[in-house]
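One file, entry_30.txt, is given below (compact mmCIF, C-alpha atoms).
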# COMPACT_ATOMS: atom_id res chain seq x y z
CA MET Y 15 -24.06 -16.81 -1.27
CA ALA Y 16 -21.18 -16.29 -3.72
CA ASP Y 17 -23.57 -15.00 -6.40
CA THR Y 18 -24.44 -12.03 -4.20
CA TYR Y 19 -21.06 -10.50 -4.99
CA THR Y 20 -19.92 -12.20 -8.21
CA GLU Y 21 -21.14 -12.26 -11.77
CA THR Y 22 -21.20 -15.89 -12.82
CA THR Y 23 -20.57 -19.03 -10.79
CA VAL Y 24 -18.86 -21.46 -13.17
CA THR Y 25 -18.31 -24.68 -11.26
CA THR Y 26 -17.78 -26.03 -7.78
CA VAL Y 27 -14.15 -26.54 -6.79
CA ALA Y 28 -13.23 -30.11 -5.90
CA ALA Y 29 -13.17 -30.80 -2.17
CA GLY Y 30 -9.77 -32.47 -1.93
CA ARG Y 31 -9.62 -35.26 0.65
CA GLU Y 32 -13.01 -34.38 2.13
CA THR Y 33 -14.85 -37.46 3.46
CA PRO Y 34 -17.43 -38.31 0.76
CA ASP Y 35 -19.88 -40.17 2.96
CA ALA Y 36 -20.89 -38.92 6.40
CA ALA Y 37 -21.81 -42.49 7.36
CA SER Y 38 -18.12 -43.48 7.14
CA ALA Y 39 -17.12 -40.84 9.70
CA PRO Y 40 -16.97 -41.63 13.43
CA PRO Y 41 -20.33 -41.23 15.18
CA ASP Y 42 -20.73 -37.64 16.41
CA GLY Y 43 -17.34 -36.65 15.05
CA PRO Y 44 -13.79 -37.16 16.32
CA LEU Y 45 -14.72 -36.34 19.94
CA GLY Y 46 -17.87 -38.43 20.01
CA TRP Y 47 -19.77 -35.25 20.90
CA ARG Y 48 -23.32 -36.39 21.60
CA GLY Y 49 -25.79 -34.83 19.18
CA TYR Y 50 -23.19 -33.53 16.73
CA ASP Y 51 -24.46 -35.73 13.87
CA ASP Y 52 -28.00 -34.52 14.49
CA ALA Y 53 -26.83 -30.89 14.51
CA ARG Y 54 -25.11 -31.34 11.16
CA ALA Y 55 -28.19 -33.02 9.72
CA ARG Y 56 -30.34 -30.09 10.79
CA ALA Y 57 -27.79 -27.67 9.30
CA ARG Y 58 -27.87 -29.56 5.99
CA ALA Y 59 -31.67 -29.48 5.94
CA ARG Y 60 -31.74 -25.79 6.80
CA THR Y 61 -29.14 -24.63 4.26
CA GLY Y 62 -29.02 -27.29 1.56
CA GLU Y 63 -25.24 -27.36 2.01
CA GLU Y 64 -22.95 -30.17 3.14
CA GLU Y 65 -20.55 -27.89 4.99
CA SER Y 66 -20.12 -24.36 6.31
CA VAL Y 67 -18.04 -23.25 3.31
CA VAL Y 68 -18.94 -23.41 -0.37
CA THR Y 69 -16.03 -23.20 -2.82
CA ALA Y 70 -16.51 -22.33 -6.48
CA LEU Y 71 -14.99 -20.85 -9.58
CA ALA Y 72 -16.57 -17.52 -10.45
CA THR Y 73 -16.10 -14.64 -12.85
CA ILE Y 74 -15.66 -11.24 -11.20
CA GLY Y 75 -15.13 -8.24 -13.43
CA GLY Y 76 -14.22 -10.56 -16.29
CA ARG Y 77 -11.53 -12.28 -14.21
CA GLU Y 78 -11.88 -15.93 -13.21
CA SER Y 79 -11.46 -16.38 -9.47
CA VAL Y 80 -11.73 -18.98 -6.75
CA VAL Y 81 -14.46 -17.92 -4.33
CA LEU Y 82 -14.77 -19.18 -0.75
CA SER Y 83 -18.22 -18.38 0.65
CA PHE Y 84 -19.21 -19.09 4.25
CA GLU Y 85 -22.75 -20.20 5.11
CA PHE Y 86 -23.30 -18.84 8.62
CA ARG Y 87 -26.57 -20.77 9.04
CA TYR Y 88 -24.51 -23.98 8.95
CA LEU Y 89 -23.30 -24.21 12.56
CA GLY Y 90 -22.39 -20.54 12.67
CA GLY Y 91 -20.02 -20.80 9.72
CA SER Y 92 -17.63 -22.65 12.00
CA LEU Y 93 -14.48 -24.34 10.75
CA GLY Y 94 -14.19 -28.08 11.15
CA GLU Y 95 -11.98 -30.73 9.61
CA ARG Y 96 -14.09 -31.09 6.46
CA THR Y 97 -14.13 -27.30 6.14
CA GLY Y 98 -10.34 -27.41 6.16
CA ASP Y 99 -10.42 -30.03 3.40
CA ARG Y 100 -12.50 -27.76 1.22
CA LEU Y 101 -10.41 -24.68 1.86
CA GLU Y 102 -7.12 -26.50 1.22
CA ALA Y 103 -8.43 -27.89 -2.07
CA ALA Y 104 -9.68 -24.46 -3.16
CA TYR Y 105 -6.34 -22.76 -2.47
CA ALA Y 106 -4.48 -25.53 -4.29
CA HIS Y 107 -6.83 -25.21 -7.27
CA ALA Y 108 -6.14 -21.47 -7.35
CA ARG Y 109 -2.40 -22.12 -7.52
CA GLU Y 110 -2.80 -24.70 -10.26
CA ARG Y 111 -4.82 -22.27 -12.36
CA GLY Y 112 -2.99 -19.08 -11.35
CA LEU Y 113 -6.19 -17.51 -9.98
CA PRO Y 114 -6.93 -15.01 -7.21
CA VAL Y 115 -8.90 -16.05 -4.13
CA VAL Y 116 -11.90 -14.07 -2.93
CA SER Y 117 -13.20 -14.98 0.54
CA LEU Y 118 -16.74 -14.04 1.59
CA ILE Y 119 -16.43 -14.63 5.32
CA ALA Y 120 -19.08 -15.07 8.00
CA THR Y 121 -17.90 -17.28 10.83
CA GLY Y 122 -17.91 -17.59 14.58
CA GLY Y 123 -14.61 -19.47 14.67
CA SER Y 124 -13.53 -23.09 15.10
CA ARG Y 125 -16.06 -25.87 15.74
CA MET Y 126 -16.12 -26.88 19.41
CA GLN Y 127 -17.66 -30.29 18.65
CA GLU Y 128 -14.42 -31.29 16.92
CA GLY Y 129 -12.08 -29.82 19.54
CA MET Y 130 -8.42 -29.47 18.63
CA ARG Y 131 -9.01 -31.29 15.35
CA ALA Y 132 -11.02 -28.24 14.32
CA LEU Y 133 -8.59 -25.67 15.69
CA THR Y 134 -5.64 -27.14 13.79
CA GLN Y 135 -7.44 -26.39 10.53
CA LEU Y 136 -6.24 -22.83 11.01
CA GLN Y 137 -2.69 -24.04 10.47
CA ARG Y 138 -3.73 -25.66 7.20
CA VAL Y 139 -5.49 -22.50 6.03
CA ALA Y 140 -2.53 -20.31 7.03
CA ARG Y 141 -0.13 -22.52 5.09
CA GLN Y 142 -2.31 -22.49 1.97
CA SER Y 143 -2.67 -18.73 2.13
CA ALA Y 144 1.11 -18.35 2.45
CA LEU Y 145 1.70 -20.64 -0.55
CA ASN Y 146 -0.66 -18.58 -2.71
CA ARG Y 147 1.01 -15.39 -1.51
CA ALA Y 148 4.41 -16.79 -2.49
CA ALA Y 149 2.97 -17.67 -5.92
CA GLY Y 150 2.08 -14.00 -6.47
CA LEU Y 151 -1.69 -14.59 -6.44
CA PRO Y 152 -3.91 -11.87 -4.94
CA GLN Y 153 -6.24 -12.60 -2.02
CA ILE Y 154 -9.26 -10.40 -1.29
CA ALA Y 155 -11.50 -10.80 1.75
CA VAL Y 156 -15.02 -9.51 2.30
CA LEU Y 157 -15.91 -9.49 6.00
CA ARG Y 158 -19.60 -10.17 6.64
CA ASP Y 159 -21.39 -10.29 9.98
CA PRO Y 160 -19.84 -11.80 12.02
CA THR Y 161 -16.20 -12.43 11.20
CA THR Y 162 -14.51 -13.62 14.37
CA GLY Y 163 -12.07 -16.16 15.73
CA GLY Y 164 -9.74 -18.11 13.49
CA GLY Y 165 -11.63 -17.16 10.34
CA TRP Y 166 -10.68 -13.53 10.94
CA ALA Y 167 -7.13 -14.39 12.01
CA THR Y 168 -6.42 -16.47 8.87
CA LEU Y 169 -8.69 -15.94 5.86
CA GLY Y 170 -9.58 -12.37 6.79
CA ALA Y 171 -6.57 -10.63 8.29
CA ALA Y 172 -4.10 -12.41 5.99
CA ALA Y 173 -5.73 -11.13 2.78
CA ASP Y 174 -4.01 -8.52 0.62
CA VAL Y 175 -7.13 -6.36 0.44
CA ILE Y 176 -9.75 -6.47 3.20
CA LEU Y 177 -13.24 -5.07 2.66
CA ALA Y 178 -16.06 -5.19 5.20
CA LEU Y 179 -19.79 -4.67 5.19
CA PRO Y 180 -21.09 -1.78 7.32
CA GLY Y 181 -21.80 -2.72 10.92
CA ALA Y 182 -20.21 -6.15 10.60
CA GLN Y 183 -18.84 -7.62 13.81
CA VAL Y 184 -15.10 -8.11 13.21
CA GLY Y 185 -12.58 -9.29 15.76
CA PHE Y 186 -10.66 -12.24 17.07
CA ALA Y 187 -12.90 -12.44 20.14
CA GLY Y 188 -16.55 -13.32 19.57
CA SER Y 189 -19.33 -11.49 21.38
CA ARG Y 190 -19.68 -14.13 24.13
CA VAL Y 191 -16.02 -14.34 25.10
CA ARG Y 192 -15.02 -10.69 25.36
CA PRO Y 193 -14.49 -8.76 28.59
CA LEU Y 194 -17.79 -7.43 29.88
CA ASP Y 195 -16.58 -3.83 29.70
CA ALA Y 196 -15.13 -4.14 26.18
CA ASP Y 197 -15.89 -1.29 23.79
CA PRO Y 198 -18.10 -2.78 21.03
CA TYR Y 199 -16.75 -0.26 18.50
CA ALA Y 200 -13.36 -1.97 18.65
CA TYR Y 201 -15.02 -5.15 17.35
CA SER Y 202 -16.85 -3.49 14.47
CA ALA Y 203 -15.89 -3.02 10.83
CA GLU Y 204 -15.78 0.73 11.38
CA GLY Y 205 -13.55 0.36 14.43
CA GLN Y 206 -11.19 -1.97 12.61
CA LEU Y 207 -10.95 0.53 9.75
CA ALA Y 208 -10.08 3.33 12.17
CA SER Y 209 -7.34 1.21 13.73
CA GLY Y 210 -5.75 0.31 10.41
CA GLN Y 211 -6.81 -3.34 10.28
CA ILE Y 212 -8.98 -3.26 7.14
CA ASP Y 213 -8.94 -1.26 3.91
CA ALA Y 214 -12.53 -0.09 3.46
CA VAL Y 215 -16.11 -0.43 4.66
CA VAL Y 216 -18.27 -0.98 1.56
CA PRO Y 217 -22.10 -1.10 1.57
CA PRO Y 218 -23.72 -4.11 -0.16
CA ASP Y 219 -24.97 -2.25 -3.25
CA PRO Y 220 -21.58 -0.94 -4.48
CA LEU Y 221 -19.68 -4.01 -3.29
CA ARG Y 222 -19.96 -5.87 -6.60
CA GLY Y 223 -18.48 -2.92 -8.49
CA THR Y 224 -15.72 -2.52 -5.91
CA LEU Y 225 -14.73 -6.17 -6.26
CA GLN Y 226 -14.76 -5.87 -10.04
CA ARG Y 227 -12.42 -2.87 -9.91
CA TRP Y 228 -10.04 -4.68 -7.58
CA MET Y 229 -10.00 -7.64 -9.98
CA HIS Y 230 -9.11 -5.32 -12.88
CA LEU Y 231 -6.35 -3.70 -10.84
CA LEU Y 232 -4.69 -6.75 -9.30
CA CYS Y 233 -5.32 -9.43 -11.92
CA PRO Y 234 -4.14 -8.45 -15.41
CA PRO Y 235 -5.07 -10.81 -18.27
CA PRO Y 236 -2.60 -13.72 -18.55
CA GLN Y 237 -1.42 -12.60 -22.00
CA SER Y 238 -0.32 -9.22 -20.55
CA ARG Y 239 2.08 -10.75 -18.04
CA THR Y 240 5.71 -10.33 -19.08
CA ARG Y 241 9.01 -10.97 -17.43
CA THR Y 242 9.96 -7.28 -17.71
CA VAL Y 243 7.93 -4.76 -15.73
CA GLU Y 244 8.06 -1.32 -17.32
CA PRO Y 245 8.51 1.57 -14.88
CA ALA Y 246 5.73 4.06 -14.31
CA PRO Y 247 6.35 7.35 -16.12
CA PRO Y 248 6.67 10.37 -13.82
CA PRO Y 249 3.59 12.64 -13.79
CA TYR Y 250 3.62 16.07 -15.38
CA ALA Y 251 4.06 19.13 -13.16
CA LEU Y 252 0.73 20.71 -12.24
CA GLY Y 253 2.00 23.80 -10.40
CA ALA Y 254 4.05 26.87 -11.30
CA PRO Y 255 6.34 26.10 -14.27
CA ALA Y 256 9.11 28.61 -13.49
CA LEU Y 257 12.08 27.57 -11.37
CA PRO Y 258 12.68 29.42 -8.07
CA GLU Y 259 15.44 32.02 -8.00
CA THR Y 260 16.55 31.37 -4.40
CA GLY Y 261 16.54 28.55 -1.91
CA TRP Y 262 14.10 30.32 0.36
CA GLY Y 263 11.93 31.08 -2.67
CA ALA Y 264 11.74 27.32 -3.30
CA VAL Y 265 10.65 26.75 0.30
CA VAL Y 266 7.94 29.42 0.11
CA ARG Y 267 6.51 27.99 -3.11
CA ALA Y 268 6.53 24.44 -1.80
CA ARG Y 269 4.68 25.58 1.32
CA GLU Y 270 2.05 27.55 -0.60
CA PRO Y 271 -1.41 26.30 0.55
CA GLY Y 272 -2.85 26.43 -2.98
CA ARG Y 273 -0.10 24.34 -4.53
CA PRO Y 274 -1.29 21.10 -6.23
CA ARG Y 275 -1.07 18.21 -3.81
CA ALA Y 276 -1.35 14.43 -3.99
CA GLU Y 277 -5.07 14.33 -4.81
CA ALA Y 278 -4.58 16.58 -7.84
CA TYR Y 279 -1.67 14.50 -9.12
CA LEU Y 280 -3.42 11.17 -8.60
CA GLY Y 281 -6.58 12.44 -10.28
CA ALA Y 282 -4.68 13.67 -13.33
CA TYR Y 283 -2.47 10.58 -13.59
CA PHE Y 284 -4.94 7.69 -13.21
CA ASP Y 285 -8.08 6.76 -15.11
CA ASP Y 286 -9.47 5.03 -12.01
CA ARG Y 287 -8.05 3.79 -8.72
CA GLU Y 288 -8.77 2.01 -5.44
CA GLU Y 289 -6.99 2.63 -2.15
CA ILE Y 290 -5.77 0.51 0.71
CA SER Y 291 -5.73 1.82 4.27
CA GLY Y 292 -3.88 1.10 7.47
CA ASP Y 293 -0.67 -0.50 8.63
CA ARG Y 294 -2.28 -3.72 10.00
CA CYS Y 295 -0.81 -3.09 13.44
CA GLY Y 296 -3.07 -0.46 14.94
CA GLY Y 297 -2.69 2.71 12.92
CA ALA Y 298 -3.87 4.66 9.90
CA ASP Y 299 -2.43 7.93 8.61
CA PRO Y 300 -4.72 10.20 6.54
CA GLY Y 301 -1.61 12.07 5.42
CA ILE Y 302 -0.62 9.33 2.96
CA ARG Y 303 -2.61 7.80 0.11
CA CYS Y 304 -1.75 4.27 -1.01
CA GLY Y 305 -3.39 2.01 -3.57
CA PHE Y 306 -3.52 0.83 -7.17
CA GLY Y 307 -4.67 2.71 -10.26
CA ARG Y 308 -5.15 2.17 -13.99
CA ARG Y 309 -3.25 4.33 -16.44
CA GLU Y 310 -3.39 3.71 -20.18
CA GLY Y 311 -4.58 0.15 -19.69
CA ARG Y 312 -2.13 -1.05 -17.06
CA THR Y 313 -1.96 -1.09 -13.27
CA ILE Y 314 0.45 1.08 -11.29
CA ALA Y 315 0.69 1.08 -7.50
CA PHE Y 316 1.03 4.42 -5.71
CA ALA Y 317 2.10 5.78 -2.34
CA ALA Y 318 1.56 9.53 -2.07
CA GLN Y 319 2.39 11.85 0.79
CA CYS Y 320 -0.19 14.62 1.21
CA GLY Y 321 1.99 17.44 2.54
CA THR Y 322 1.70 16.68 6.24
CA ALA Y 323 4.24 15.18 8.62
CA THR Y 324 4.11 11.45 7.89
CA ARG Y 325 3.29 9.31 10.90
CA PRO Y 326 4.64 5.81 11.61
CA ALA Y 327 1.39 4.22 10.44
CA GLY Y 328 1.79 6.06 7.13
CA PHE Y 329 5.29 4.73 6.58
CA ARG Y 330 4.20 1.20 7.43
CA THR Y 331 1.23 1.45 5.06
CA ALA Y 332 3.57 2.62 2.28
CA ALA Y 333 5.91 -0.29 2.99
CA ARG Y 334 2.96 -2.67 2.87
CA LEU Y 335 1.92 -1.22 -0.49
CA ILE Y 336 5.41 -1.52 -1.99
CA ARG Y 337 5.82 -5.12 -0.82
CA LEU Y 338 2.41 -6.10 -2.20
CA ALA Y 339 3.09 -4.47 -5.56
CA ASP Y 340 6.48 -6.17 -5.72
CA ARG Y 341 4.92 -9.56 -5.05
CA LEU Y 342 2.29 -9.03 -7.74
CA GLY Y 343 4.77 -7.65 -10.31
CA ILE Y 344 3.22 -4.17 -10.45
CA PRO Y 345 5.37 -1.01 -10.89
CA VAL Y 346 5.20 1.65 -8.18
CA LEU Y 347 4.86 5.43 -8.23
CA THR Y 348 5.63 7.45 -5.10
CA LEU Y 349 4.79 11.12 -4.65
CA VAL Y 350 7.06 12.80 -2.12
CA ASP Y 351 5.61 15.73 -0.19
CA THR Y 352 6.22 16.12 3.53
CA PRO Y 353 7.91 18.62 5.86
CA GLY Y 354 9.34 15.51 7.51
CA ALA Y 355 8.46 12.54 9.65
CA ALA Y 356 6.22 13.20 12.64
CA ASN Y 357 8.50 13.67 15.65
CA ASP Y 358 6.14 14.00 18.60
CA ALA Y 359 6.14 11.64 21.57
CA ALA Y 360 3.24 9.62 20.15
CA ALA Y 361 5.20 9.03 16.94
CA GLU Y 362 8.22 7.83 18.91
CA ARG Y 363 6.07 5.45 20.95
CA ALA Y 364 4.58 4.13 17.70
CA GLY Y 365 8.05 3.28 16.39
CA ALA Y 366 8.86 6.10 13.98
CA GLY Y 367 12.41 4.89 13.35
CA ALA Y 368 11.41 1.31 12.70
CA ALA Y 369 8.56 2.39 10.43
CA ILE Y 370 10.87 4.57 8.31
CA ALA Y 371 13.36 1.71 8.18
CA GLU Y 372 10.60 -0.53 6.77
CA VAL Y 373 10.06 1.81 3.82
CA PHE Y 374 13.78 2.16 3.13
CA ALA Y 375 14.05 -1.63 3.11
CA ALA Y 376 10.98 -2.12 0.93
CA LEU Y 377 12.33 0.29 -1.69
CA ALA Y 378 15.85 -1.10 -1.50
CA THR Y 379 14.72 -4.69 -2.10
CA ALA Y 380 11.85 -4.15 -4.57
CA GLU Y 381 12.37 -6.03 -7.81
CA VAL Y 382 9.74 -4.00 -9.65
CA PRO Y 383 10.73 -0.51 -10.81
CA VAL Y 384 9.79 2.38 -8.51
CA THR Y 385 9.39 5.90 -9.90
CA SER Y 386 9.35 8.87 -7.52
CA LEU Y 387 8.29 12.48 -8.03
CA LEU Y 388 8.99 15.27 -5.56
CA ILE Y 389 5.86 17.45 -5.77
CA GLY Y 390 6.36 19.81 -2.81
CA GLU Y 391 8.33 19.69 0.40
CA GLY Y 392 11.14 17.19 0.72
CA GLY Y 393 11.86 17.24 4.39
CA SER Y 394 14.85 15.11 5.39
CA GLY Y 395 14.61 11.35 5.98
CA GLY Y 396 10.82 11.38 6.15
CA ALA Y 397 10.80 12.39 2.49
CA LEU Y 398 13.83 10.38 1.41
CA ALA Y 399 12.19 7.19 2.69
CA LEU Y 400 9.71 7.33 -0.22
CA ALA Y 401 12.23 8.51 -2.83
CA ALA Y 402 13.38 5.73 -5.14
CA PRO Y 403 17.18 5.53 -5.43
CA GLY Y 404 18.18 6.56 -8.94
CA ARG Y 405 14.61 7.21 -10.16
CA LEU Y 406 13.63 10.53 -8.56
CA TRP Y 407 12.23 13.50 -10.46
CA ALA Y 408 11.06 16.90 -9.17
CA THR Y 409 8.50 19.55 -10.06
CA PRO Y 410 9.54 23.22 -10.34
CA ASP Y 411 7.64 24.10 -7.15
CA SER Y 412 9.46 21.68 -4.87
CA TYR Y 413 12.57 21.48 -2.73
CA PHE Y 414 14.57 18.72 -1.01
CA SER Y 415 16.72 19.35 2.04
CA VAL Y 416 18.70 17.45 4.60
CA ILE Y 417 16.93 19.65 7.17
CA ALA Y 418 14.51 22.58 7.09
CA PRO Y 419 16.43 25.88 6.67
CA GLU Y 420 14.98 27.26 9.92
CA LEU Y 421 16.22 24.25 11.87
CA ALA Y 422 19.60 24.32 10.16
CA ALA Y 423 20.01 27.96 11.17
CA ALA Y 424 19.05 27.14 14.75
CA ILE Y 425 21.56 24.28 14.94
CA LEU Y 426 24.26 26.55 13.54
CA LYS Y 427 23.28 29.24 16.09
CA ARG Y 428 22.38 31.71 13.38
CA ASP Y 429 19.67 34.31 13.89
CA GLU Y 430 16.47 34.60 11.86
CA THR Y 431 18.00 37.07 9.40
CA GLN Y 432 20.33 34.31 8.19
CA ILE Y 433 17.66 31.72 7.36
CA HIS Y 434 17.46 32.82 3.72
CA ASP Y 435 21.22 32.57 3.28
CA THR Y 436 21.18 29.16 4.94
CA ALA Y 437 18.53 27.96 2.47
CA ASP Y 438 20.80 29.02 -0.40
CA GLN Y 439 23.79 27.26 1.16
CA LEU Y 440 21.83 24.00 1.46
CA ARG Y 441 21.23 24.02 -2.32
CA ILE Y 442 17.68 22.73 -2.13
CA ARG Y 443 16.15 24.12 -5.36
CA PRO Y 444 15.14 21.65 -8.12
CA GLN Y 445 17.94 22.95 -10.38
CA ASP Y 446 20.43 22.49 -7.51
CA LEU Y 447 19.24 18.94 -6.96
CA LEU Y 448 19.68 18.18 -10.66
CA GLU Y 449 23.20 19.61 -10.69
CA LEU Y 450 24.09 17.60 -7.57
CA GLY Y 451 22.82 14.39 -9.19
CA VAL Y 452 20.10 13.87 -6.56
CA ILE Y 453 17.28 13.87 -9.14
CA GLN Y 454 17.09 12.61 -12.72
CA GLY Y 455 15.22 15.61 -14.08
CA ILE Y 456 12.67 18.36 -13.58
CA VAL Y 457 9.30 17.39 -15.04
CA PRO Y 458 7.54 19.87 -17.33
CA PRO Y 459 3.86 20.87 -17.31
CA PRO Y 460 1.48 18.82 -19.51
Would you put the structure from the file into structure tokens?
Amino acid sequence: MADTYTETTVTTVAAGRETPDAASAPPDGPLGWRGYDDARARARARTGEEESVVTALATIGGRESVVLSFEFRYLGGSLGERTGDRLEAAYAHARERGLPVVSLIATGGSRMQEGMRALTQLQRVARQSALNRAAGLPQIAVLRDPTTGGGWATLGAAADVILALPGAQVGFAGSRVRPLDADPYAYSAEGQLASGQIDAVVPPDPLRGTLQRWMHLLCPPPQSRTRTVEPAPPPYALGAPALPETGWGAVVRAREPGRPRAEAYLGAYFDDREEISGDRCGGADPGIRCGFGRREGRTIAFAAQCGTATRPAGFRTAARLIRLADRLGIPVLTLVDTPGAANDAAAERAGAGAAIAEVFAALATAEVPVTSLLIGEGGSGGALALAAPGRLWATPDSYFSVIAPELAAAILKRDETQIHDTADQLRIRPQDLLELGVIQGIVPPP
């Protein structure tokens, strides 16, 4: 099954402490489940495999990887004790060789015929995944149909990048154990994408190319790894080159509908890119773009606001992106462009304050360099959250303010005729920000 998505299978990964001879195992497994040995024999005859997971070394996009491929026809791809042996050995081999792990998952969960001995394999898998994460090794999951139970809750949901095939059943609860009135969309790949749990739904035909691009982005050649990570250069300005004469003039230009936004800047900056999606706790914000791109032969992570009020899910997705890039040793570029954080009741219920705090913390603790460019509106803390301390630049058609001039005037009990004067008093133009030491410079056009 691994060859469906990879270029060249090199060799099978050793199976660790897996029992070499089924005859030496207890009859019908650890529970003495009558008929279990016969069921495994039929599964072996049907699939030609000794277990529900095949582990191998493979080349994907020119990058050597450890591949874990589930065989659903072997007892529903269920996880048993010998499955745990194989998975543990594969993760350990990846750490020894400094390789990424790609999981091609199709499983119904833990194997009932082995009872709690099967369920505890999830703890082993979770530990191995955490060790590889701590070692800075990427993990990519491809969710096939179905991906449920512990396989989703460990190998799937714990991956750095999660892709799914269209229409795949994805969820912790399998189809036979859900509430009778459960919405099937919530347990689908498309539903999980909408709720921020996976990064993309990818059809089978382009999946190979998508995996290859992710390998190029997340797994640089070993000889290119250095102790020093060079910062991403700020992009050139794509909008009006002249500086605004007044504070309100800066606001008007930044709010101009035709002004270049995140998509234009990302397209001009990167040669190619792939995006992640969702905050992994129930939300996705289309007003922020996060992912990894290639520029002049190296990978740079990006988090780009798109000019809308950023929602809690957007801040959490940005924090997730920054933490992942930091772990993998990849520099980060943020594009700041928002009138502010979403402040409606739904945003408050979704934890707006905590989500913004996550981004502040991620930027404050990142060991890789973060470069930020203000490309439009810089509305208060919702914009500052994505602005790197000490590495912020601005375009000529942008502004940054502690509060929108209209709101400042309202708080100060000034009438509408005083909004323009208030904008000047706030000193929000790019040249003001440079003089105040808020930004490092104003970027020129290309």
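For the point (-18.3, -20.5, 12.4) in file coordinates, the residues within 8 Å, using all atoms listed in the file, are Ser66, Phe86, Tyr88, Leu89, Gly90, Gly91, Ser92, Leu93, Ala120, Thr121, Gly122, Gly123, Ser124, Arg125 and Gly165 of chain Y.
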_I'd like to know which of Y:Gly261, Y:Arg58, Y:Ala359, Y:Val457 is closest to Y:Gln439, using all atoms listed in the file._
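For Y:Gln439, the nearest of the given residues is Y:Gly261.
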*Residue with smallest distance to Y:Ala70 - pool Y:Ile302, Y:Leu101, Y:Ala423, Y:Cys320, counting only C-alpha atoms*: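 Checking each candidate against Y:Ala70, we get Y:Leu101 as the closest.
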*Nearest candidate to Y:Arg267 (options Y:Pro248, Y:Gly451, Y:Gly390, Y:Pro460; using only C-alpha atoms)*: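 Comparing Y:Pro248, Y:Gly451, Y:Gly390, Y:Pro460 against Y:Arg267, the winner is Y:Gly390.
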_Using only C-alpha atoms, can you tell me which of Y:Asp299, Y:Asp195, Y:Glu391, Y:Asp435 comes closest to Y:Ala418?_
Y:Glu391
Give the padded box for stretch 168-179 of chain Y as AutoDock Vina command-line options: axis-aligned, covering all atoms listed in the file, 3 Å on each side, centre and edge lengths in Å to one decimal.
--center_x -11.9 --center_y -10.6 --center_z 4.7 --size_x 21.8 --size_y 17.8 --size_z 14.4
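When atom CA of Y:Glu449 is paired with atom CA of Y:Leu406, their separation reads 13.4 Å.
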*For atom CA of Y:Gly185 and atom CA of Y:Arg87, quote the distance in Å rounded to one decimal.*
19.3 Å
_Show me, as a PyMOL selection string, the residues that have an atom within 7 Å of Y:Gln183 when counting all atoms listed in the file, minus same-chain residues fewer than 6 positions from it._
chain Y and resi 159-161+201-203
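For the residues Y:Gln432, Y:Arg100, Y:Arg294, Y:Gly94, ranking by smallest atom-to-atom distance to Y:Ala171 using only C-alpha atoms places Y:Arg294 first.
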*Hey, what's within 12 Å of stretch 129-135 of chain Y if we count only C-alpha atoms and toss same-chain stuff fewer than 5 positions away? As a ChimeraX atom specification, please?*
/Y:43-47,92-102,123-124,140-142,163-165,167-169
*Which residue gives the smallest distance to Y:Leu280 among Y:Gly367, Y:Gly354, Y:Gly305, Y:Pro220, with only C-alpha atoms counted?*
Y:Gly305
*Could you tell me how far atom CA of Y:Ala144 lies from atom CA of Y:Val81, in Å and to one decimal?*
17.0 Å
_When you look at Y:Leu377 with a cut-off of 9 Å (counting all atoms listed in the file), what residues show up, excluding the ones that are within fewer than 6 positions of it in the same chain? I need them as a ChimeraX atom specification._
/Y:333,336-337,384,399-403
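The environment of Y:Arg269 within 9 Å, counting all atoms listed in the file and disregarding residues fewer than 3 places along the same chain, consists of Ala264, Val265, Val266, Gly272, Arg273, Gly321, Pro353, Gly390, Glu391 and Ser412 of chain Y.
With only the atoms specified (all atoms listed in the file) counting, those residues at most 10 Å away from (20.2, 32.2, -5.9) are Pro258, Glu259, Thr260, Gly261, Trp262, Gly263, Asp435, Ala437, Asp438, Gln439, Arg441, Arg443 and Asp446 of chain Y.
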*Show which residues sit within 10 Å of Y:Glu204, as a count of residues only. Count all atoms listed in the file, and ignore same-chain residues fewer than 6 positions away.*
11
